[in-house]
>>> print(open('input33.cif').read())   # mmCIF, C-alpha atoms
data_data
#
loop_
_atom_site.label_atom_id
_atom_site.label_comp_id
_atom_site.auth_asym_id
_atom_site.auth_seq_id
_atom_site.Cartn_x
_atom_site.Cartn_y
_atom_site.Cartn_z
CA MET A 966 118.00 -24.03 -205.95
CA CYS A 967 115.47 -22.91 -203.37
CA ASN A 968 116.80 -21.76 -200.02
CA TYR A 969 114.97 -24.46 -198.11
CA LYS A 970 116.68 -27.10 -200.22
CA ASP A 971 120.08 -25.81 -199.19
CA SER A 972 119.30 -26.01 -195.51
CA ASN A 973 117.42 -29.31 -195.99
CA ASN A 974 120.43 -30.78 -197.74
CA ILE A 975 122.78 -29.97 -194.89
CA ILE A 976 120.50 -31.69 -192.39
CA ILE A 977 119.86 -34.63 -194.72
CA ASP A 978 123.57 -35.05 -195.36
CA HIS A 979 124.34 -35.02 -191.63
CA LEU A 980 121.53 -37.44 -190.84
CA LYS A 981 122.78 -39.88 -193.42
CA LYS A 982 126.39 -39.66 -192.27
CA GLY A 983 125.36 -40.86 -188.83
CA GLY A 984 127.32 -40.54 -185.58
CA LEU A 985 127.77 -37.15 -184.00
CA LEU A 986 126.68 -35.30 -187.14
CA GLU A 987 123.40 -37.20 -187.06
CA SER A 988 122.87 -36.43 -183.36
CA ASN A 989 123.53 -32.74 -183.95
CA ALA A 990 121.13 -32.66 -186.89
CA ILE A 991 118.43 -34.33 -184.77
CA ALA A 992 119.07 -31.83 -181.97
CA THR A 993 118.69 -29.00 -184.48
CA LEU A 994 115.38 -30.38 -185.75
CA ILE A 995 114.16 -30.71 -182.17
CA LYS A 996 115.16 -27.18 -181.19
CA GLN A 997 113.66 -25.60 -184.29
CA ASN A 998 110.31 -27.36 -184.22
CA GLU A 999 109.34 -28.46 -180.73
CA ILE A 1000 107.18 -25.48 -179.86
CA LYS A 1001 105.32 -25.52 -183.20
CA ILE A 1002 104.35 -29.16 -182.79
CA ILE A 1003 103.36 -28.79 -179.17
CA VAL A 1004 101.15 -25.84 -180.12
CA LEU A 1005 99.63 -27.93 -182.94
CA VAL A 1006 98.66 -30.80 -180.65
CA ARG A 1007 97.53 -28.53 -177.85
CA LYS A 1008 95.36 -26.65 -180.34
CA TYR A 1009 93.47 -29.89 -180.96
CA ASN A 1010 93.02 -30.47 -177.23
CA GLY A 1011 95.94 -32.84 -176.87
CA SER A 1012 97.62 -33.03 -173.51
CA MET A 1013 101.20 -31.90 -172.98
CA ALA A 1014 102.31 -35.52 -172.68
CA GLU A 1015 100.53 -36.41 -175.92
CA ALA A 1016 102.14 -33.41 -177.63
CA GLN A 1017 105.58 -34.59 -176.50
CA ASP A 1018 104.87 -38.14 -177.71
CA VAL A 1019 103.65 -36.90 -181.10
CA PHE A 1020 106.73 -34.73 -181.40
CA ILE A 1021 109.19 -37.54 -180.64
CA GLU A 1022 107.31 -39.88 -182.97
CA GLY A 1023 107.27 -37.19 -185.67
CA ILE A 1024 110.99 -36.44 -185.45
CA THR A 1025 111.71 -40.17 -185.52
CA GLU A 1026 109.51 -40.61 -188.56
CA VAL A 1027 111.09 -37.72 -190.43
CA VAL A 1028 114.65 -38.86 -189.69
CA PHE A 1029 113.73 -42.47 -190.48
CA ASN A 1030 112.18 -41.46 -193.81
CA ILE A 1031 115.17 -39.32 -194.72
CA LYS A 1032 117.62 -42.09 -193.92
CA ASN A 1033 115.56 -44.53 -195.96
CA ASN A 1034 115.19 -42.17 -198.92
CA ARG A 1035 111.46 -41.71 -198.47
CA PHE A 1036 111.63 -37.92 -198.18
CA ARG A 1037 111.22 -36.23 -201.56
CA ASN A 1038 112.85 -32.94 -200.50
CA ASP A 1039 110.04 -30.88 -202.00
CA SER A 1040 109.31 -28.74 -198.95
CA PRO A 1041 111.18 -27.32 -195.96
CA LEU A 1042 111.89 -29.98 -193.37
CA SER A 1043 109.88 -28.07 -190.79
CA THR A 1044 106.81 -28.19 -193.08
CA TYR A 1045 107.33 -31.90 -193.67
CA LEU A 1046 107.68 -32.53 -189.95
CA TYR A 1047 104.53 -30.51 -189.28
CA LYS A 1048 102.55 -32.58 -191.80
CA ILE A 1049 103.91 -35.83 -190.40
CA CYS A 1050 103.10 -34.82 -186.83
CA ARG A 1051 99.62 -33.78 -187.93
CA LEU A 1052 99.13 -37.21 -189.51
CA ILE A 1053 100.45 -38.94 -186.42
CA TRP A 1054 98.18 -36.90 -184.17
CA PHE A 1055 95.01 -37.46 -186.19
CA GLN A 1056 95.65 -41.01 -187.32
CA LYS A 1057 97.34 -42.53 -184.31
CA PHE A 1058 96.52 -40.49 -181.26
CA ARG A 1059 93.38 -38.46 -181.80
CA SER A 1060 91.69 -41.21 -183.82
CA LYS A 1061 91.64 -43.34 -180.70
CA LYS A 1062 89.27 -40.79 -179.17
CA VAL A 1063 87.31 -39.45 -182.13
CA SER A 1064 87.20 -41.57 -185.26
CA HIS A 1065 85.86 -38.88 -187.62
CA PHE A 1066 89.15 -36.98 -187.40
CA ASN A 1067 90.64 -39.57 -189.73
CA GLN A 1068 88.56 -38.12 -192.53
CA GLU A 1069 90.26 -34.76 -192.21
CA ILE A 1070 93.52 -36.15 -193.46
CA SER A 1071 94.32 -36.65 -197.06
CA ASP A 1072 97.73 -35.89 -198.46
CA LYS A 1073 100.54 -37.41 -200.41
CA ASP A 1074 102.76 -37.81 -197.33
CA THR A 1075 102.16 -41.10 -195.64
CA LEU A 1076 103.47 -42.66 -192.51
CA SER A 1077 105.97 -45.50 -192.72
CA ILE A 1078 104.78 -49.06 -192.49
CA GLN A 1079 107.01 -49.39 -189.41
CA LEU A 1080 105.16 -46.62 -187.57
CA ASN A 1081 101.83 -48.03 -188.69
CA LEU A 1082 102.84 -51.45 -187.38
CA GLU A 1083 103.71 -49.94 -183.99
CA TYR A 1084 100.17 -48.58 -183.72
CA SER A 1085 98.42 -51.55 -185.29
CA ASN A 1086 96.52 -54.28 -183.49
CA GLN A 1087 99.39 -56.58 -184.44
CA LYS A 1088 101.87 -54.88 -182.15
CA GLU A 1089 101.91 -57.73 -179.65
CA VAL A 1090 102.45 -60.27 -182.42
CA LEU A 1091 105.19 -58.07 -183.82
CA ASN A 1092 106.92 -57.94 -180.45
CA SER A 1093 106.55 -61.63 -179.98
CA VAL A 1094 108.14 -62.38 -183.36
CA LEU A 1095 111.02 -60.02 -182.74
CA SER A 1096 111.65 -61.42 -179.29
CA GLN A 1097 112.07 -64.90 -180.75
CA ILE A 1098 115.17 -64.02 -182.72
CA GLY A 1099 117.16 -62.96 -179.63
CA GLU A 1100 119.06 -59.80 -178.75
CA ASN A 1101 122.22 -60.53 -180.75
CA CYS A 1102 120.24 -61.18 -183.90
CA LYS A 1103 118.31 -57.95 -183.35
CA ARG A 1104 121.55 -56.01 -183.03
CA VAL A 1105 123.20 -57.59 -186.07
CA LEU A 1106 120.14 -57.09 -188.23
CA THR A 1107 119.72 -53.50 -187.06
CA PHE A 1108 123.35 -52.65 -187.87
CA TRP A 1109 122.92 -54.25 -191.26
CA SER A 1110 119.68 -52.36 -191.85
CA GLU A 1111 121.43 -49.11 -190.89
CA GLY A 1112 123.94 -49.77 -193.66
CA PHE A 1113 127.01 -50.82 -191.71
CA SER A 1114 129.48 -53.02 -193.58
CA MET A 1115 130.20 -56.56 -192.38
CA LYS A 1116 133.62 -55.39 -191.21
CA GLU A 1117 131.99 -52.71 -189.07
CA ILE A 1118 129.42 -55.16 -187.73
CA GLN A 1119 132.24 -57.59 -186.89
CA LYS A 1120 133.89 -54.85 -184.78
CA LYS A 1121 130.69 -53.73 -183.12
CA MET A 1122 129.65 -57.27 -182.26
CA GLU A 1123 133.23 -58.40 -181.53
CA TYR A 1124 133.05 -61.31 -183.97
CA ALA A 1125 136.18 -63.09 -185.16
CA SER A 1126 135.83 -61.94 -188.75
CA ALA A 1127 133.62 -60.16 -191.23
CA GLN A 1128 132.66 -63.56 -192.59
CA VAL A 1129 131.37 -64.61 -189.17
CA ALA A 1130 129.32 -61.41 -189.11
CA MET A 1131 127.94 -62.19 -192.57
CA ASN A 1132 127.02 -65.74 -191.55
CA LYS A 1133 125.34 -64.51 -188.42
CA LYS A 1134 123.37 -61.92 -190.37
CA ASN A 1135 122.22 -64.51 -192.92
CA LYS A 1136 121.22 -66.92 -190.20
CA CYS A 1137 119.23 -64.28 -188.33
CA LEU A 1138 117.59 -63.14 -191.53
CA THR A 1139 116.47 -66.67 -192.35
CA THR A 1140 115.12 -67.20 -188.84
CA LEU A 1141 113.11 -63.99 -188.96
CA ARG A 1142 111.85 -64.74 -192.43
CA GLU A 1143 110.57 -68.13 -191.28
CA LEU A 1144 108.87 -66.60 -188.28
CA ILE A 1145 107.04 -64.07 -190.42
CA LYS A 1146 106.18 -66.63 -193.07
CA ASN A 1147 104.42 -68.69 -190.45
CA ASN A 1148 102.44 -65.75 -189.16
CA THR A 1149 99.66 -65.11 -191.65
CA GLU A 1150 97.94 -62.45 -189.58
CA LEU A 1151 101.07 -60.35 -189.33
CA LYS A 1152 101.79 -60.84 -193.03
CA GLN A 1153 98.28 -59.76 -193.88
CA THR A 1154 98.50 -56.67 -191.69
CA MET A 1155 101.73 -55.67 -193.39
CA GLU A 1156 100.15 -56.16 -196.78
CA GLU A 1157 97.16 -54.05 -195.81
CA LEU A 1158 99.36 -51.29 -194.43
CA ARG A 1159 101.39 -51.28 -197.62
CA ASP A 1160 98.21 -50.90 -199.64
CA GLY A 1161 97.13 -48.07 -197.35
CA LYS A 1162 94.01 -49.83 -196.15
CA MET B 1148 118.93 -62.57 -206.06
CA GLU B 1149 118.71 -61.48 -202.44
CA ASN B 1150 121.40 -58.93 -203.11
CA LYS B 1151 119.24 -57.41 -205.82
CA PHE B 1152 116.24 -57.36 -203.46
CA GLU B 1153 118.35 -55.64 -200.83
CA GLN B 1154 119.60 -53.03 -203.29
CA PHE B 1155 116.08 -52.45 -204.55
CA LEU B 1156 114.74 -51.95 -201.03
CA ARG B 1157 117.66 -49.71 -200.13
CA LYS B 1158 116.82 -47.70 -203.26
CA THR B 1159 120.34 -48.03 -204.55
CA LEU B 1160 119.40 -49.63 -207.86
CA SER B 1161 119.24 -47.45 -210.93
CA LYS B 1162 115.83 -46.61 -212.36
CA GLU B 1163 116.32 -49.10 -215.19
CA GLU B 1164 117.49 -51.87 -212.88
CA SER B 1165 114.55 -51.29 -210.56
CA GLN B 1166 112.15 -51.39 -213.49
CA LYS B 1167 113.68 -54.60 -214.77
CA LEU B 1168 113.48 -56.26 -211.37
CA LEU B 1169 109.84 -55.29 -210.93
CA GLU B 1170 109.02 -56.71 -214.32
CA ASP B 1171 110.81 -59.96 -213.46
CA ILE B 1172 108.91 -60.18 -210.21
CA GLU B 1173 105.60 -59.64 -211.97
CA ASN B 1174 106.34 -62.31 -214.52
CA ASP B 1175 107.69 -64.92 -212.14
CA PRO B 1176 105.37 -66.12 -209.36
CA ILE B 1177 108.18 -67.91 -207.52
CA LEU B 1178 110.37 -64.81 -207.62
CA LYS B 1179 107.40 -62.74 -206.55
CA LYS B 1180 106.84 -64.94 -203.50
CA GLU B 1181 110.50 -64.82 -202.68
CA PHE B 1182 110.54 -61.06 -203.00
CA GLU B 1183 107.45 -60.60 -200.83
CA GLU B 1184 108.95 -62.72 -198.10
CA TYR B 1185 112.18 -60.80 -198.29
CA ARG B 1186 110.30 -57.49 -198.21
CA ASP B 1187 108.29 -58.55 -195.15
CA THR B 1188 111.48 -59.50 -193.37
CA TRP B 1189 113.12 -56.27 -194.47
CA ASP B 1190 110.21 -54.19 -193.16
CA MET B 1191 110.36 -56.06 -189.89
CA ILE B 1192 114.06 -55.36 -189.52
CA LYS B 1193 113.31 -51.73 -190.26
CA VAL B 1194 110.99 -51.79 -187.23
CA LEU B 1195 114.08 -52.58 -185.17
CA GLU B 1196 116.02 -49.77 -186.84
CA ARG B 1197 113.18 -47.33 -186.23
CA ARG B 1198 112.87 -48.33 -182.58
CA LYS B 1199 116.59 -47.75 -182.10
CA LEU B 1200 116.28 -44.38 -183.82
CA LYS B 1201 113.31 -43.41 -181.66
CA GLU B 1202 115.33 -44.23 -178.56
CA LYS B 1203 118.11 -41.99 -179.84
CA VAL B 1204 115.68 -39.15 -180.63
CA SER B 1205 114.09 -39.42 -177.18
CA LYS B 1206 117.52 -39.29 -175.55
CA ILE B 1207 118.57 -36.23 -177.56
CA ALA B 1208 115.24 -34.50 -176.83
CA LYS B 1209 115.68 -35.23 -173.13
CA ASN B 1210 119.24 -33.89 -173.19
CA ASN B 1211 118.04 -30.83 -175.05
CA ALA B 1212 115.36 -30.22 -172.47
CA THR B 1213 117.85 -30.71 -169.63
CA SER B 1214 120.40 -28.40 -171.17
CA GLN B 1215 117.66 -25.89 -171.84
CA ILE B 1216 116.61 -26.05 -168.20
CA LYS B 1217 120.28 -25.72 -167.25
CA ASN B 1218 120.68 -22.84 -169.68
CA ASN B 1219 117.55 -21.23 -168.30
CA ARG B 1220 118.83 -21.84 -164.83
CA TRP B 1221 122.13 -20.22 -165.76
CA LEU B 1222 120.19 -17.40 -167.34
CA TRP B 1223 118.24 -16.95 -164.13
CA TYR B 1224 121.41 -17.25 -162.06
CA SER B 1225 123.09 -14.66 -164.27
CA ALA B 1226 120.10 -12.36 -164.12
CA ALA B 1227 119.91 -12.80 -160.35
CA SER B 1228 123.64 -12.12 -160.03
CA VAL B 1229 123.37 -8.99 -162.12
CA LEU B 1230 120.37 -7.87 -160.07
CA ILE B 1231 122.20 -8.55 -156.81
CA MET B 1232 125.22 -6.67 -158.12
CA VAL B 1233 123.06 -3.74 -159.20
CA LEU B 1234 121.21 -3.70 -155.90
CA SER B 1235 124.45 -4.03 -153.95
CA TYR B 1236 125.98 -1.24 -155.98
CA TRP B 1237 122.86 0.85 -155.43
CA ALA B 1238 122.87 0.08 -151.71
CA PHE B 1239 126.60 0.76 -151.64
CA GLN B 1240 126.04 4.02 -153.46
CA GLN B 1241 123.32 4.92 -150.98
CA ASN B 1242 125.67 4.18 -148.08
CA VAL B 1243 128.63 5.81 -149.67
CA SER B 1244 126.76 8.93 -150.62
CA GLY B 1245 125.30 9.33 -147.12
CA GLU B 1246 128.57 8.52 -145.45
CA GLN B 1247 130.59 10.52 -147.92
CA MET B 1248 128.37 13.51 -147.42
CA ALA B 1249 128.68 13.19 -143.66
CA GLN B 1250 132.44 12.88 -143.99
CA THR B 1251 132.60 15.96 -146.21
CA TYR B 1252 130.65 18.13 -143.81
CA PHE B 1253 131.71 16.75 -140.45
CA LYS B 1254 134.13 18.72 -138.38
CA PRO B 1255 134.52 18.14 -134.65
CA TYR B 1256 132.94 20.83 -132.56
CA PRO B 1257 135.69 23.24 -131.44
CA ASP B 1258 136.88 23.28 -127.86
CA LYS B 1259 134.90 26.09 -126.25
CA TYR B 1260 136.08 25.43 -122.74
CA THR B 1261 139.85 25.49 -122.62
CA SER B 1262 140.11 27.85 -125.56
CA MET B 1263 137.96 30.28 -123.64
CA GLY B 1264 140.22 30.03 -120.60
CA GLN B 1265 137.92 27.79 -118.62
CA ASN B 1266 140.79 25.51 -117.79
CA VAL B 1267 139.00 23.56 -115.16
CA ASN B 1268 141.26 20.74 -114.23
CA PRO B 1269 139.15 17.61 -114.62
CA LEU B 1270 137.68 19.00 -117.82
CA SER B 1271 140.99 20.16 -119.32
CA LYS B 1272 142.40 16.65 -119.30
CA ALA B 1273 139.41 15.36 -121.27
CA MET B 1274 139.42 18.33 -123.62
CA SER B 1275 143.14 17.89 -124.16
CA ALA B 1276 142.53 14.32 -125.31
CA TYR B 1277 139.65 15.59 -127.46
CA ASN B 1278 141.83 18.24 -129.06
CA LYS B 1279 144.51 15.64 -129.73
CA GLU B 1280 141.83 13.55 -131.43
CA ASN B 1281 142.23 10.79 -128.86
CA TYR B 1282 138.47 10.33 -128.87
CA GLN B 1283 138.37 7.00 -127.05
CA GLU B 1284 140.40 8.41 -124.16
CA ALA B 1285 138.46 11.68 -124.29
CA GLU B 1286 135.11 9.87 -124.03
CA GLU B 1287 136.34 7.86 -121.02
CA LEU B 1288 137.55 11.05 -119.34
CA PHE B 1289 134.32 12.91 -120.14
CA SER B 1290 132.25 10.12 -118.65
CA GLN B 1291 134.31 10.24 -115.43
CA LEU B 1292 133.69 13.94 -114.90
CA PRO B 1293 131.67 15.01 -111.86
CA LYS B 1294 127.92 15.28 -112.42
CA GLU B 1295 127.90 19.07 -112.71
CA PHE B 1296 130.07 18.92 -115.81
CA LEU B 1297 128.27 16.10 -117.51
CA ASN B 1298 125.53 18.14 -119.17
CA ASP B 1299 128.01 20.61 -120.56
CA VAL B 1300 130.19 18.02 -122.19
CA GLU B 1301 127.47 15.83 -123.67
CA LEU B 1302 127.93 17.34 -127.13
CA TYR B 1303 131.65 16.49 -127.01
CA ARG B 1304 130.88 12.98 -125.85
CA GLY B 1305 128.55 12.54 -128.80
CA ILE B 1306 131.29 13.70 -131.13
CA CYS B 1307 133.73 11.31 -129.49
CA TRP B 1308 131.34 8.39 -130.08
CA TYR B 1309 130.85 9.55 -133.64
CA GLN B 1310 134.59 9.64 -134.24
CA ILE B 1311 135.12 6.26 -132.59
CA GLY B 1312 132.62 4.89 -135.06
CA GLU B 1313 129.81 4.28 -132.58
CA LYS B 1314 127.28 6.29 -134.55
CA GLU B 1315 124.21 4.89 -132.79
CA LYS B 1316 125.60 5.95 -129.41
CA ALA B 1317 126.40 9.36 -130.86
CA LYS B 1318 122.85 9.60 -132.21
CA ALA B 1319 121.38 8.69 -128.82
CA ILE B 1320 123.38 11.43 -127.12
CA PHE B 1321 122.46 14.09 -129.73
CA ARG B 1322 118.80 13.11 -129.57
CA LYS B 1323 118.78 13.34 -125.80
CA LEU B 1324 120.45 16.73 -126.01
CA ASN B 1325 117.93 17.88 -128.58
CA GLN B 1326 115.10 17.07 -126.18
CA ASP B 1327 116.82 18.93 -123.37
CA SER B 1328 115.06 22.27 -122.99
CA ILE B 1329 118.04 23.92 -121.30
CA ASN B 1330 120.50 22.78 -123.93
CA ALA B 1331 122.69 25.73 -124.84
CA TYR B 1332 123.90 24.10 -128.02
CA ILE B 1333 120.69 23.73 -130.04
CA GLY B 1334 122.29 24.61 -133.36
CA PRO B 1335 125.34 22.32 -132.99
CA THR B 1336 123.19 19.53 -131.54
CA LEU B 1337 120.85 19.61 -134.53
CA TRP B 1338 123.74 19.84 -136.92
CA TYR B 1339 125.62 16.86 -135.47
CA LEU B 1340 122.41 14.88 -135.17
CA SER B 1341 121.67 15.47 -138.85
CA ILE B 1342 125.24 14.51 -139.81
CA THR B 1343 124.97 11.35 -137.72
CA HIS B 1344 121.70 10.45 -139.49
CA LEU B 1345 123.47 11.01 -142.78
CA ALA B 1346 126.37 8.82 -141.73
CA LEU B 1347 123.84 6.13 -140.83
CA ASN B 1348 122.21 6.65 -144.22
CA GLU B 1349 118.98 7.82 -142.56
CA LYS B 1350 118.44 10.47 -145.15
CA ASP B 1351 114.81 11.29 -144.38
CA SER B 1352 115.60 11.91 -140.73
CA ALA B 1353 118.63 13.94 -141.76
CA ILE B 1354 116.52 16.12 -144.07
CA THR B 1355 113.92 16.74 -141.36
CA ILE B 1356 116.54 18.02 -138.98
CA LEU B 1357 118.41 19.98 -141.63
CA ARG B 1358 115.12 21.73 -142.47
CA GLN B 1359 114.81 22.70 -138.80
CA ILE B 1360 118.25 24.30 -139.04
CA LYS B 1361 117.31 25.98 -142.29
CA ASP B 1362 113.96 27.29 -141.04
CA ASP B 1363 114.99 28.37 -137.53
CA PRO B 1364 116.14 32.00 -137.72
CA MET B 1365 117.89 31.62 -134.36
CA ILE B 1366 120.21 28.95 -135.70
CA THR B 1367 123.20 30.07 -137.66
CA PHE B 1368 125.51 27.14 -137.04
CA HIS B 1369 126.21 25.47 -140.44
CA LYS B 1370 122.97 26.92 -141.85
CA GLU B 1371 124.42 27.27 -145.34
CA ASP B 1372 125.78 23.75 -145.25
CA ALA B 1373 122.36 22.52 -144.14
CA ILE B 1374 120.69 24.20 -147.13
CA GLU B 1375 123.33 22.79 -149.45
CA ILE B 1376 122.88 19.23 -148.17
CA ILE B 1377 119.08 19.46 -148.45
CA GLU B 1378 119.45 20.45 -152.08
CA LYS B 1379 121.86 17.62 -152.75
CA LEU B 1380 119.66 15.08 -151.06
CA GLN B 1381 116.58 16.19 -152.93
#
>>> encode(input="input33.cif", output="structure tokens")
Amino acid sequence: MCNYKDSNNIIIDHLKKGGLLESNAIATLIKQNEIKIIVLVRKYNGSMAEAQDVFIEGITEVVFNIKNNRFRNDSPLSTYLYKICRLIWFQKFRSKKVSHFNQEISDKDTLSIQLNLEYSNQKEVLNSVLSQIGENCKRVLTFWSEGFSMKEIQKKMEYASAQVAMNKKNKCLTTLRELIKNNTELKQTMEELRDGK
Amino acid sequence: MENKFEQFLRKTLSKEESQKLLEDIENDPILKKEFEEYRDTWDMIKVLERRKLKEKVSKIAKNNATSQIKNNRWLWYSAASVLIMVLSYWAFQQNVSGEQMAQTYFKPYPDKYTSMGQNVNPLSKAMSAYNKENYQEAEELFSQLPKEFLNDVELYRGICWYQIGEKEKAKAIFRKLNQDSINAYIGPTLWYLSITHLALNEKDSAITILRQIKDDPMITFHKEDAIEIIEKLQ
């Protein structure tokens, strides 16, 4: 096994376990890579604030992809983060200023549909849809998405039982599904982003 | 079926199961529609998860930066403390070495009056206090002497001030004596002035005067000591 895989695996394991281990792993990623990414963005005339934003977005994307099994573990995490940040900078930040920079990027690593949605012209629609389900629904669905069991969600949300938590989750899921179903533009954007258009 | 969709999207299905599900979806338009709706909803929920994660990352990054600033601050504080300690030690060493040197070489000027039989009454009382090392009392008695004695006892008064710890007063007296053309105690005056400079850590001034002692063939008082101190100071 390559050395980078060993160190990757420790971080990946901690990120997936969640809690304090996850926080420590994130802190490690931040400490080890912040300067590199800031230098990268500054090299392409990005401001310090933009560099910080790209870095936070990049770390989030990497952790999110790892937790959702999108990272293939075929390179050191720092290299993966660098590529992701480069994509974020050129596709999401720099592209706003100079469109031709988009052409510079072509690689097998892609950004998540969630990140793409955040930077799409459908962001307002996205926010509007999410706001319609209410805060409790958002929390329940997020816990469920993160992989918490119904028992754990019951405790976190202080519901009477795990069954109540399950019912609430199902209800919220149906509500959100209906909202999206009725929003053709948002559906289309998601489809396009999935196809990489 | 939703359970299967969830497992598929969580990537917890086996390769075979995933393949089978995808085939079913492709062959069943109703299932396909159902799956697409579920996937859209799933991706939307993942937006919530990602936003929460981003918040967490931002918080950790902020904490990191703060602790780094704090660490840097502590580093600077530590460095500053070490520097202050080093400077203080250096300053202390400077003081100590000057003072120590003065202490090593200082000896009160011997009583030339009463020991030579000049037991003049008002003077003897003051000299007696001086010989008994009661310098405070001696200085008071010296200062009360009639005018004609004052010039003669100035050197002793300077030594009294020196011993009391009033080095600046001692220095003023020795300086004044040094400028006095009829001063009979040139050698001792220069010597005690140089020692006082040393005690005050005024090394350059001390060296200048010690060189005078060294270079003046007429001065013999503590000449060897003067040479020795110059060497040590240089």
>>> residues_around(input="input33.cif", residues="Phe1289 (chain B)", least_positions_apart="5", cutoff="9 Å", atoms="all atoms listed in the file", output="JSON list (two decimals) with C-alpha atoms, keeping the file's coordinate frame")
[["chain", "number", "residue", "atom", "x", "y", "z"],
["B", 1269, "PRO", "CA", 139.15, 17.61, -114.62],
["B", 1270, "LEU", "CA", 137.68, 19.00, -117.82],
["B", 1272, "LYS", "CA", 142.40, 16.65, -119.30],
["B", 1273, "ALA", "CA", 139.41, 15.36, -121.27],
["B", 1274, "MET", "CA", 139.42, 18.33, -123.62],
["B", 1284, "GLU", "CA", 140.40, 8.41, -124.16],
["B", 1296, "PHE", "CA", 130.07, 18.92, -115.81],
["B", 1297, "LEU", "CA", 128.27, 16.10, -117.51],
["B", 1300, "VAL", "CA", 130.19, 18.02, -122.19],
["B", 1301, "GLU", "CA", 127.47, 15.83, -123.67],
["B", 1303, "TYR", "CA", 131.65, 16.49, -127.01],
["B", 1304, "ARG", "CA", 130.88, 12.98, -125.85]]
>>> closest_atom_pairs(input="input33.cif", of="chain A", to="chain B", cutoff="7 Å", atoms="only C-alpha atoms", output="CSV")
residue,atom,partner,partner_atom,distance
A:Ile991,CA,B:Val1204,CA,6.9
A:Ala992,CA,B:Ile1207,CA,6.2
A:Ile995,CA,B:Ala1208,CA,6.6
A:Ile1021,CA,B:Ser1205,CA,6.3
A:Thr1025,CA,B:Lys1201,CA,5.3
A:Phe1029,CA,B:Arg1197,CA,6.5
A:Asn1033,CA,B:Arg1157,CA,7.0
A:Gln1079,CA,B:Val1194,CA,5.1
A:Leu1106,CA,B:Ile1192,CA,6.5
A:Thr1107,CA,B:Glu1196,CA,5.3
A:Ser1110,CA,B:Lys1193,CA,6.6
A:Glu1111,CA,B:Glu1196,CA,6.8
A:Leu1141,CA,B:Thr1188,CA,6.5
A:Arg1142,CA,B:Thr1188,CA,5.3
A:Lys1146,CA,B:Glu1184,CA,6.9
>>> write_last_selection(input="input33.cif", atoms="C-alpha atoms", output="compact mmCIF listing (two decimals), in the frame of the given file")
# COMPACT_ATOMS: atom_id res chain seq x y z
CA ILE A 991 118.43 -34.33 -184.77
CA ALA A 992 119.07 -31.83 -181.97
CA ILE A 995 114.16 -30.71 -182.17
CA ILE A 1021 109.19 -37.54 -180.64
CA THR A 1025 111.71 -40.17 -185.52
CA PHE A 1029 113.73 -42.47 -190.48
CA ASN A 1033 115.56 -44.53 -195.96
CA GLN A 1079 107.01 -49.39 -189.41
CA LEU A 1106 120.14 -57.09 -188.23
CA THR A 1107 119.72 -53.50 -187.06
CA SER A 1110 119.68 -52.36 -191.85
CA GLU A 1111 121.43 -49.11 -190.89
CA LEU A 1141 113.11 -63.99 -188.96
CA ARG A 1142 111.85 -64.74 -192.43
CA LYS A 1146 106.18 -66.63 -193.07
>>> residues_around(input="input33.cif", residues="Ile976 (chain A)", least_positions_apart="5", cutoff="12 Å", atoms="all atoms listed in the file", output="list in words")
Tyr969, Lys970, Asp971, Lys981, Lys982, Gly983, Leu986, Glu987, Ser988, Asn989, Ala990, Ile991, Ala992, Thr993, Leu994, Val1027, Val1028, Ile1031, Lys1032, Asn1038, Pro1041, Leu1042 and Ser1043 of chain A
>>> resolve_selection(input="input33.cif", expression="the PyMOL selection byres ((chain A and resi 1121) around 12)", output="PyMOL selection string")
chain A and resi 1101+1104-1105+1107-1109+1113-1120+1122-1127+1130
>>> atom_distance(input="input33.cif", atom1="CA of Thr1355 (chain B)", atom2="CA of Gly1312 (chain B)")
23.0 Å
>>> atom_distance(input="input33.cif", atom1="CA of Arg1059 (chain A)", atom2="CA of Glu1150 (chain A)")
25.6 Å
>>> resolve_selection(input="input33.cif", expression="the PyMOL selection byres ((chain B and resi 1250-1261) around 10)", output="NGL selection string")
:B and (1243-1249 or 1262-1268 or 1270-1272 or 1274-1275 or 1277-1278 or 1280 or 1299-1300 or 1302-1303 or 1306-1307 or 1309-1310 or 1335-1336 or 1338-1339 or 1342-1343 or 1345-1346 or 1369 or 1372-1373 or 1376)
>>> closest_residue(input="input33.cif", among="A:Cys1050, A:Val1129, A:Phe1058, A:Leu1082", to="Asn1010 (chain A)", atoms="only C-alpha atoms")
A:Phe1058
>>> residues_around(input="input33.cif", residues="region 1162-1178 of chain B", least_positions_apart="6", cutoff="10 Å", atoms="all atoms listed in the file", output="VMD selection string")
chain B and resid 1148 1151 to 1152 1154 to 1156 1184
>>> write_last_selection(input="input33.cif", atoms="C-alpha atoms", output="compact mmCIF listing (two decimals), keeping the file's coordinate frame")
# COMPACT_ATOMS: atom_id res chain seq x y z
CA MET B 1148 118.93 -62.57 -206.06
CA LYS B 1151 119.24 -57.41 -205.82
CA PHE B 1152 116.24 -57.36 -203.46
CA GLN B 1154 119.60 -53.03 -203.29
CA PHE B 1155 116.08 -52.45 -204.55
CA LEU B 1156 114.74 -51.95 -201.03
CA GLU B 1184 108.95 -62.72 -198.10
>>> atom_distance(input="input33.cif", atom1="CA of Ile1366 (chain B)", atom2="CA of Glu1315 (chain B)")
24.6 Å
>>> closest_residue(input="input33.cif", among="A:Leu1052, A:Val1006, A:Leu1091, A:Leu985", to="Thr1075 (chain A)", atoms="all atoms listed in the file")
A:Leu1052
>>> closest_residue(input="input33.cif", among="B:Leu1230, B:Ile1377, B:Ala1319, B:Ile1333", to="Arg1358 (chain B)", atoms="all atoms listed in the file")
B:Ile1377
